[in-house]
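Next comes my_file-v9.txt, with compact mmCIF, C-alpha atoms.
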# COMPACT_ATOMS: atom_id res chain seq x y z
CA GLN A 10 12.74 13.05 0.31
CA VAL A 11 11.86 9.48 1.23
CA GLN A 12 12.73 6.23 -0.53
CA LEU A 13 10.34 3.28 -0.47
CA VAL A 14 11.18 -0.39 -1.06
CA GLU A 15 8.50 -3.07 -1.26
CA SER A 16 9.01 -6.75 -0.51
CA GLY A 17 6.97 -9.89 0.07
CA GLY A 18 5.42 -10.44 -3.32
CA GLY A 19 5.28 -13.85 -4.96
CA LEU A 20 3.14 -16.61 -6.40
CA VAL A 21 0.26 -17.98 -4.34
CA GLN A 22 -2.79 -20.11 -5.01
CA ALA A 23 -6.28 -18.67 -4.84
CA GLY A 24 -7.46 -18.55 -1.25
CA GLY A 25 -3.95 -18.14 0.07
CA SER A 26 -2.26 -15.25 1.86
CA LEU A 27 0.69 -12.94 1.37
CA ARG A 28 2.15 -10.15 3.48
CA LEU A 29 3.71 -7.20 1.69
CA SER A 30 6.09 -4.85 3.45
CA CYS A 31 7.28 -1.38 2.56
CA ALA A 32 10.45 -0.01 4.13
CA ALA A 33 10.97 3.74 4.14
CA SER A 34 14.35 5.43 4.33
CA GLY A 35 15.75 8.91 3.92
CA ARG A 36 13.68 11.73 5.37
CA THR A 37 11.38 9.43 7.30
CA GLY A 38 9.66 9.82 10.60
CA SER A 39 5.90 9.66 10.78
CA SER A 40 5.12 12.75 8.66
CA TYR A 41 3.53 10.67 5.93
CA SER A 42 0.27 8.95 5.36
CA MET A 43 0.87 5.78 3.38
CA GLY A 44 -0.94 3.87 0.72
CA TRP A 45 -0.83 0.73 -1.38
CA PHE A 46 -1.80 0.73 -5.02
CA ARG A 47 -1.71 -1.97 -7.67
CA GLN A 48 -1.48 -2.20 -11.42
CA ALA A 49 -2.50 -5.20 -13.49
CA PRO A 50 -1.29 -5.60 -17.09
CA GLY A 51 -3.16 -3.27 -19.41
CA LYS A 52 -4.96 -1.52 -16.59
CA GLU A 53 -4.65 1.74 -14.72
CA ARG A 54 -2.93 1.84 -11.36
CA GLU A 55 -5.65 1.58 -8.73
CA PHE A 56 -5.97 2.28 -5.04
CA VAL A 57 -5.90 -0.64 -2.62
CA ALA A 58 -5.51 0.65 0.94
CA ALA A 59 -4.30 3.64 2.93
CA ILE A 60 -3.35 4.40 6.51
CA SER A 61 -3.09 7.72 8.28
CA ARG A 62 0.07 9.27 9.65
CA GLY A 63 -0.98 8.30 13.16
CA GLY A 64 -1.98 4.79 12.14
CA LEU A 65 -5.50 4.94 13.56
CA THR A 66 -7.41 5.63 10.35
CA THR A 67 -7.51 3.17 7.49
CA TYR A 68 -9.29 3.17 4.17
CA TYR A 69 -9.80 0.33 1.68
CA ALA A 70 -10.99 -0.17 -1.84
CA ASP A 71 -14.28 -2.05 -1.93
CA SER A 72 -12.63 -4.88 -3.84
CA VAL A 73 -10.30 -5.74 -0.94
CA LYS A 74 -12.37 -4.73 2.09
CA GLY A 75 -12.56 -7.56 4.61
CA ARG A 76 -9.66 -9.44 2.99
CA PHE A 77 -6.71 -7.01 3.21
CA THR A 78 -5.36 -5.22 6.27
CA ILE A 79 -2.95 -2.29 6.21
CA SER A 80 -0.78 -1.48 9.22
CA ARG A 81 2.28 0.58 10.05
CA ASP A 82 5.12 0.62 12.55
CA ASN A 83 6.41 4.18 12.79
CA ALA A 84 9.34 3.14 14.99
CA LYS A 85 10.57 0.82 12.22
CA ASN A 86 9.47 3.03 9.31
CA THR A 87 7.51 0.18 7.76
CA VAL A 88 4.05 -0.28 6.32
CA ASN A 89 2.53 -3.71 5.79
CA LEU A 90 -0.32 -5.10 3.74
CA GLN A 91 -1.69 -8.42 4.91
CA MET A 92 -3.59 -10.02 2.05
CA ASN A 93 -5.89 -12.97 2.79
CA SER A 94 -8.35 -14.94 0.68
CA LEU A 95 -6.48 -13.92 -2.43
CA LYS A 96 -8.20 -14.13 -5.80
CA PRO A 97 -6.77 -14.35 -9.32
CA GLU A 98 -8.03 -10.81 -9.93
CA ASP A 99 -5.66 -9.59 -7.21
CA THR A 100 -2.76 -10.37 -9.54
CA ALA A 101 -0.82 -7.15 -10.13
CA VAL A 102 2.30 -5.22 -9.31
CA TYR A 103 1.77 -3.69 -5.88
CA TYR A 104 3.21 -0.27 -5.10
CA CYS A 105 3.80 1.47 -1.80
CA ALA A 106 3.30 5.26 -1.76
CA ALA A 107 3.84 8.09 0.71
CA ARG A 108 2.00 11.37 1.09
CA GLU A 109 3.57 14.10 3.19
CA ILE A 110 0.88 15.55 5.40
CA PHE A 111 0.39 17.48 8.62
CA SER A 112 -2.84 15.79 9.71
CA PHE A 113 -2.54 12.65 11.84
CA ALA A 114 -5.91 11.32 10.76
CA ALA A 115 -6.35 12.06 7.06
CA VAL A 116 -6.25 9.30 4.45
CA THR A 117 -6.86 9.31 0.73
CA GLY A 118 -7.18 6.90 -2.14
CA THR A 119 -6.35 9.53 -4.74
CA ARG A 120 -3.18 8.54 -6.59
CA ALA A 121 -2.19 12.12 -7.40
CA GLU A 122 -2.00 12.97 -3.69
CA TYR A 123 1.00 10.67 -3.21
CA ARG A 124 4.37 12.11 -4.03
CA TYR A 125 6.73 9.21 -3.33
CA TRP A 126 6.52 5.74 -4.83
CA GLY A 127 8.36 2.45 -4.56
CA GLN A 128 9.39 0.27 -7.49
CA GLY A 129 6.69 -2.31 -6.88
CA THR A 130 6.50 -6.01 -6.07
CA GLN A 131 4.75 -8.63 -8.18
CA VAL A 132 1.84 -10.59 -6.74
CA THR A 133 0.51 -13.48 -8.79
CA VAL A 134 -2.52 -15.49 -7.69
CA SER A 135 -3.13 -18.74 -9.56
CA SER A 136 -6.59 -20.28 -9.89

Would you mind giving the structure from this file in structure tokens?
Amino acid sequence: QVQLVESGGGLVQAGGSLRLSCAASGRTGSSYSMGWFRQAPGKEREFVAAISRGGLTTYYADSVKGRFTISRDNAKNTVNLQMNSLKPEDTAVYYCAAREIFSFAAVTGTRAEYRYWGQGTQVTVSS
């Protein structure tokens, strides 16, 4: 089992940047592909970005493509989400998730594929 803890959320003005981090502990190593999801009030949790176990394949929701960048450091058991050009519609609780997988290249945006979840970190973008 792996535990995930997000950090880096906060309040930022539209057009600004934030960097979220997710620290993994427990049964870690690089056996997981990782993802970021978000949930705004009254809405379903939605996919934001994912990165493969090997770190070479990434996948983004259309709404964040070109603005957000996901990365991972397997030596430090961390996954980051660099968010630039933030918009008020990016306001949500952001969750880190892990998917145990054998493939080094596979990624997915399907929420049900992820078994482990963090508690979330709030991101608020003011207009």

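The residue that comes closest to A:Ser26, out of A:Glu53, A:Asp71, A:Asp82, A:Asp99 and on the basis of only C-alpha atoms, is A:Asp99.
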
Distance atom CA of A:Ala59-atom CA of A:Gly118, one decimal place?
6.7 Å

Report as a PyMOL selection string all protein, DNA and RNA residues lying within 7 Å of A:Tyr69, evaluated on all atoms listed in the file, omitting residues in the same chain fewer than 3 positions from it.
chain A and resi 57-59+73-74

Just want the 8 Å neighbourhood of A:Phe46, counted on only C-alpha atoms, with same-chain residues fewer than 6 positions away dropped. Output as a PDB file with C-alpha atoms, keeping the file's coordinate frame.
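Written file, out.pdb:
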ATOM      1  CA  ARG A  54      -2.930   1.840 -11.360  1.00  0.00           C
ATOM      2  CA  GLU A  55      -5.650   1.580  -8.730  1.00  0.00           C
ATOM      3  CA  PHE A  56      -5.970   2.280  -5.040  1.00  0.00           C
ATOM      4  CA  VAL A  57      -5.900  -0.640  -2.620  1.00  0.00           C
ATOM      5  CA  ALA A  58      -5.510   0.650   0.940  1.00  0.00           C
ATOM      6  CA  TYR A 103       1.770  -3.690  -5.880  1.00  0.00           C
ATOM      7  CA  TYR A 104       3.210  -0.270  -5.100  1.00  0.00           C
ATOM      8  CA  CYS A 105       3.800   1.470  -1.800  1.00  0.00           C
ATOM      9  CA  ALA A 106       3.300   5.260  -1.760  1.00  0.00           C
TER      10      ALA A 106
END

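Residues lying within 8 Å of A:Ala115, counting all atoms listed in the file and ignoring same-chain neighbours fewer than 4 positions away, are A:Ser42, A:Ser61, A:Arg62, A:Thr66.
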
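In terms of minimum interatomic distance to A:Gly51, A:Val102 ranks closest within A:Asn86, A:Val102, A:Gln91, A:Leu27, counting all atoms listed in the file.
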
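Atom CA of A:Glu109 is found 12.6 Å from atom CA of A:Gln12.
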
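Each of A:Ser30, A:Thr119, A:Gln10, A:Ser136 was compared to A:Met92 using all atoms listed in the file, and A:Ser30 turns out to be the nearest.
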
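Restricting the calculation to only C-alpha atoms, the smallest distance between A:Val116 and any of A:Gly63, A:Val132, A:Thr100, A:Gly75 is found for A:Gly63.
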
With 6 Å added on each side, what axis-aligned box encloses every listed atom of stretch 11-26 of chain A? Give the centre and edge lengths in Å to one decimal, as AutoDock Vina command-line options.
--center_x 2.6 --center_y -5.3 --center_z -2.3 --size_x 32.2 --size_y 41.6 --size_z 20.3

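Note that atom CA of A:Asn93 and atom CA of A:Ser34 are 27.4 Å apart.
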
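Remark: for A:Leu29, the closest of the candidate residues A:Leu13, A:Ile110, A:Val88, A:Val134 is A:Val88 (distances computed over all atoms listed in the file).
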
Spatial sel., origin (13.0, 7.1, 0.6), limit 10 Å, all atoms listed in the file, listed as a PDB file with C-alpha atoms, keeping the file's coordinate frame:
ATOM      1  CA  GLN A  10      12.740  13.050   0.310  1.00  0.00           C
ATOM      2  CA  VAL A  11      11.860   9.480   1.230  1.00  0.00           C
ATOM      3  CA  GLN A  12      12.730   6.230  -0.530  1.00  0.00           C
ATOM      4  CA  LEU A  13      10.340   3.280  -0.470  1.00  0.00           C
ATOM      5  CA  VAL A  14      11.180  -0.390  -1.060  1.00  0.00           C
ATOM      6  CA  ALA A  32      10.450  -0.010   4.130  1.00  0.00           C
ATOM      7  CA  ALA A  33      10.970   3.740   4.140  1.00  0.00           C
ATOM      8  CA  SER A  34      14.350   5.430   4.330  1.00  0.00           C
ATOM      9  CA  GLY A  35      15.750   8.910   3.920  1.00  0.00           C
ATOM     10  CA  ARG A  36      13.680  11.730   5.370  1.00  0.00           C
ATOM     11  CA  THR A  37      11.380   9.430   7.300  1.00  0.00           C
ATOM     12  CA  ALA A 107       3.840   8.090   0.710  1.00  0.00           C
ATOM     13  CA  TYR A 125       6.730   9.210  -3.330  1.00  0.00           C
ATOM     14  CA  TRP A 126       6.520   5.740  -4.830  1.00  0.00           C
ATOM     15  CA  GLY A 127       8.360   2.450  -4.560  1.00  0.00           C
TER      16      GLY A 127
END

Around the point (-13.2, -9.1, -8.5) in the file's coordinates, collect all residues with an atom within 8 Å, using only C-alpha atoms, and return them as a short mmCIF file (atom, residue, chain, number, x, y, z; two decimals) with C-alpha atoms, in the coordinates of the input.
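Done, and the output landed in selection_18.cif:
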data_model
loop_
_atom_site.label_atom_id
_atom_site.label_comp_id
_atom_site.auth_asym_id
_atom_site.auth_seq_id
_atom_site.Cartn_x
_atom_site.Cartn_y
_atom_site.Cartn_z
CA SER A 72 -12.63 -4.88 -3.84
CA LYS A 96 -8.20 -14.13 -5.80
CA GLU A 98 -8.03 -10.81 -9.93
CA ASP A 99 -5.66 -9.59 -7.21
#

Output requested as a PDB file, in the frame of the given file - stretch 115-126 of chain A, filled out with all heavy atoms.
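Result went into part-v8.pdb, see below:
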ATOM      1  N   ALA A 115      -5.865  12.060   8.435  1.00  0.00           N
ATOM      2  CA  ALA A 115      -6.350  12.060   7.060  1.00  0.00           C
ATOM      3  C   ALA A 115      -5.807  10.884   6.253  1.00  0.00           C
ATOM      4  O   ALA A 115      -4.647  10.489   6.405  1.00  0.00           O
ATOM      5  CB  ALA A 115      -5.964  13.359   6.375  1.00  0.00           C
ATOM      6  N   VAL A 116      -6.658  10.340   5.399  1.00  0.00           N
ATOM      7  CA  VAL A 116      -6.250   9.300   4.450  1.00  0.00           C
ATOM      8  C   VAL A 116      -6.887   9.632   3.112  1.00  0.00           C
ATOM      9  O   VAL A 116      -7.896  10.321   3.037  1.00  0.00           O
ATOM     10  CB  VAL A 116      -6.688   7.886   4.881  1.00  0.00           C
ATOM     11  CG1 VAL A 116      -5.894   7.404   6.068  1.00  0.00           C
ATOM     12  CG2 VAL A 116      -8.182   7.849   5.176  1.00  0.00           C
ATOM     13  N   THR A 117      -6.304   9.107   2.058  1.00  0.00           N
ATOM     14  CA  THR A 117      -6.860   9.310   0.730  1.00  0.00           C
ATOM     15  C   THR A 117      -6.525   8.148  -0.168  1.00  0.00           C
ATOM     16  O   THR A 117      -5.495   7.498  -0.003  1.00  0.00           O
ATOM     17  CB  THR A 117      -6.355  10.618   0.109  1.00  0.00           C
ATOM     18  OG1 THR A 117      -6.969  10.781  -1.177  1.00  0.00           O
ATOM     19  CG2 THR A 117      -4.841  10.577  -0.094  1.00  0.00           C
ATOM     20  N   GLY A 118      -7.415   7.912  -1.123  1.00  0.00           N
ATOM     21  CA  GLY A 118      -7.180   6.900  -2.140  1.00  0.00           C
ATOM     22  C   GLY A 118      -6.841   7.517  -3.481  1.00  0.00           C
ATOM     23  O   GLY A 118      -6.745   6.801  -4.483  1.00  0.00           O
ATOM     24  N   THR A 119      -6.623   8.823  -3.495  1.00  0.00           N
ATOM     25  CA  THR A 119      -6.350   9.530  -4.740  1.00  0.00           C
ATOM     26  C   THR A 119      -4.864   9.419  -5.086  1.00  0.00           C
ATOM     27  O   THR A 119      -4.014   9.930  -4.351  1.00  0.00           O
ATOM     28  CB  THR A 119      -6.744  11.002  -4.631  1.00  0.00           C
ATOM     29  OG1 THR A 119      -8.134  11.080  -4.292  1.00  0.00           O
ATOM     30  CG2 THR A 119      -6.498  11.737  -5.929  1.00  0.00           C
ATOM     31  N   ARG A 120      -4.570   8.797  -6.195  1.00  0.00           N
ATOM     32  CA  ARG A 120      -3.180   8.540  -6.590  1.00  0.00           C
ATOM     33  C   ARG A 120      -2.361   9.812  -6.676  1.00  0.00           C
ATOM     34  O   ARG A 120      -1.199   9.851  -6.259  1.00  0.00           O
ATOM     35  CB  ARG A 120      -3.176   7.809  -7.931  1.00  0.00           C
ATOM     36  CG  ARG A 120      -1.825   7.299  -8.373  1.00  0.00           C
ATOM     37  CD  ARG A 120      -1.962   6.499  -9.638  1.00  0.00           C
ATOM     38  NE  ARG A 120      -2.310   7.322 -10.768  1.00  0.00           N
ATOM     39  CZ  ARG A 120      -2.574   6.830 -11.976  1.00  0.00           C
ATOM     40  NH1 ARG A 120      -2.555   5.531 -12.191  1.00  0.00           N
ATOM     41  NH2 ARG A 120      -2.883   7.634 -12.965  1.00  0.00           N
ATOM     42  N   ALA A 121      -2.927  10.877  -7.188  1.00  0.00           N
ATOM     43  CA  ALA A 121      -2.190  12.120  -7.400  1.00  0.00           C
ATOM     44  C   ALA A 121      -1.758  12.782  -6.099  1.00  0.00           C
ATOM     45  O   ALA A 121      -0.881  13.649  -6.101  1.00  0.00           O
ATOM     46  CB  ALA A 121      -3.024  13.093  -8.221  1.00  0.00           C
ATOM     47  N   GLU A 122      -2.359  12.391  -4.994  1.00  0.00           N
ATOM     48  CA  GLU A 122      -2.000  12.970  -3.690  1.00  0.00           C
ATOM     49  C   GLU A 122      -0.686  12.414  -3.159  1.00  0.00           C
ATOM     50  O   GLU A 122      -0.110  12.968  -2.232  1.00  0.00           O
ATOM     51  CB  GLU A 122      -3.104  12.690  -2.676  1.00  0.00           C
ATOM     52  CG  GLU A 122      -4.451  13.290  -3.020  1.00  0.00           C
ATOM     53  CD  GLU A 122      -4.546  14.751  -2.635  1.00  0.00           C
ATOM     54  OE1 GLU A 122      -3.648  15.262  -1.961  1.00  0.00           O
ATOM     55  OE2 GLU A 122      -5.545  15.386  -3.032  1.00  0.00           O
ATOM     56  N   TYR A 123      -0.209  11.319  -3.713  1.00  0.00           N
ATOM     57  CA  TYR A 123       1.000  10.670  -3.210  1.00  0.00           C
ATOM     58  C   TYR A 123       2.202  11.099  -4.039  1.00  0.00           C
ATOM     59  O   TYR A 123       2.218  10.981  -5.256  1.00  0.00           O
ATOM     60  CB  TYR A 123       0.843   9.142  -3.261  1.00  0.00           C
ATOM     61  CG  TYR A 123      -0.171   8.635  -2.275  1.00  0.00           C
ATOM     62  CD1 TYR A 123      -1.523   8.595  -2.596  1.00  0.00           C
ATOM     63  CD2 TYR A 123       0.221   8.216  -1.006  1.00  0.00           C
ATOM     64  CE1 TYR A 123      -2.467   8.144  -1.681  1.00  0.00           C
ATOM     65  CE2 TYR A 123      -0.708   7.758  -0.088  1.00  0.00           C
ATOM     66  CZ  TYR A 123      -2.052   7.733  -0.434  1.00  0.00           C
ATOM     67  OH  TYR A 123      -2.972   7.285   0.470  1.00  0.00           O
ATOM     68  N   ARG A 124       3.207  11.567  -3.349  1.00  0.00           N
ATOM     69  CA  ARG A 124       4.370  12.110  -4.030  1.00  0.00           C
ATOM     70  C   ARG A 124       5.471  11.076  -4.240  1.00  0.00           C
ATOM     71  O   ARG A 124       6.201  11.123  -5.226  1.00  0.00           O
ATOM     72  CB  ARG A 124       4.931  13.290  -3.227  1.00  0.00           C
ATOM     73  CG  ARG A 124       6.143  13.948  -3.850  1.00  0.00           C
ATOM     74  CD  ARG A 124       6.587  15.141  -3.032  1.00  0.00           C
ATOM     75  NE  ARG A 124       7.746  15.794  -3.632  1.00  0.00           N
ATOM     76  CZ  ARG A 124       8.376  16.828  -3.089  1.00  0.00           C
ATOM     77  NH1 ARG A 124       7.958  17.324  -1.935  1.00  0.00           N
ATOM     78  NH2 ARG A 124       9.411  17.362  -3.692  1.00  0.00           N
ATOM     79  N   TYR A 125       5.620  10.161  -3.288  1.00  0.00           N
ATOM     80  CA  TYR A 125       6.730   9.210  -3.330  1.00  0.00           C
ATOM     81  C   TYR A 125       6.207   7.798  -3.582  1.00  0.00           C
ATOM     82  O   TYR A 125       5.200   7.390  -2.984  1.00  0.00           O
ATOM     83  CB  TYR A 125       7.514   9.249  -2.011  1.00  0.00           C
ATOM     84  CG  TYR A 125       8.030  10.615  -1.675  1.00  0.00           C
ATOM     85  CD1 TYR A 125       7.419  11.396  -0.688  1.00  0.00           C
ATOM     86  CD2 TYR A 125       9.121  11.147  -2.357  1.00  0.00           C
ATOM     87  CE1 TYR A 125       7.885  12.666  -0.393  1.00  0.00           C
ATOM     88  CE2 TYR A 125       9.592  12.416  -2.061  1.00  0.00           C
ATOM     89  CZ  TYR A 125       8.968  13.163  -1.086  1.00  0.00           C
ATOM     90  OH  TYR A 125       9.442  14.413  -0.796  1.00  0.00           O
ATOM     91  N   TRP A 126       6.943   7.071  -4.421  1.00  0.00           N
ATOM     92  CA  TRP A 126       6.520   5.740  -4.830  1.00  0.00           C
ATOM     93  C   TRP A 126       7.683   4.766  -4.791  1.00  0.00           C
ATOM     94  O   TRP A 126       8.821   5.114  -5.082  1.00  0.00           O
ATOM     95  CB  TRP A 126       5.964   5.774  -6.256  1.00  0.00           C
ATOM     96  CG  TRP A 126       4.694   6.539  -6.368  1.00  0.00           C
ATOM     97  CD1 TRP A 126       4.565   7.890  -6.500  1.00  0.00           C
ATOM     98  CD2 TRP A 126       3.371   6.010  -6.332  1.00  0.00           C
ATOM     99  NE1 TRP A 126       3.233   8.231  -6.553  1.00  0.00           N
ATOM    100  CE2 TRP A 126       2.476   7.095  -6.449  1.00  0.00           C
ATOM    101  CE3 TRP A 126       2.843   4.730  -6.210  1.00  0.00           C
ATOM    102  CZ2 TRP A 126       1.097   6.926  -6.454  1.00  0.00           C
ATOM    103  CZ3 TRP A 126       1.476   4.559  -6.219  1.00  0.00           C
ATOM    104  CH2 TRP A 126       0.613   5.652  -6.340  1.00  0.00           C
TER     105      TRP A 126
END
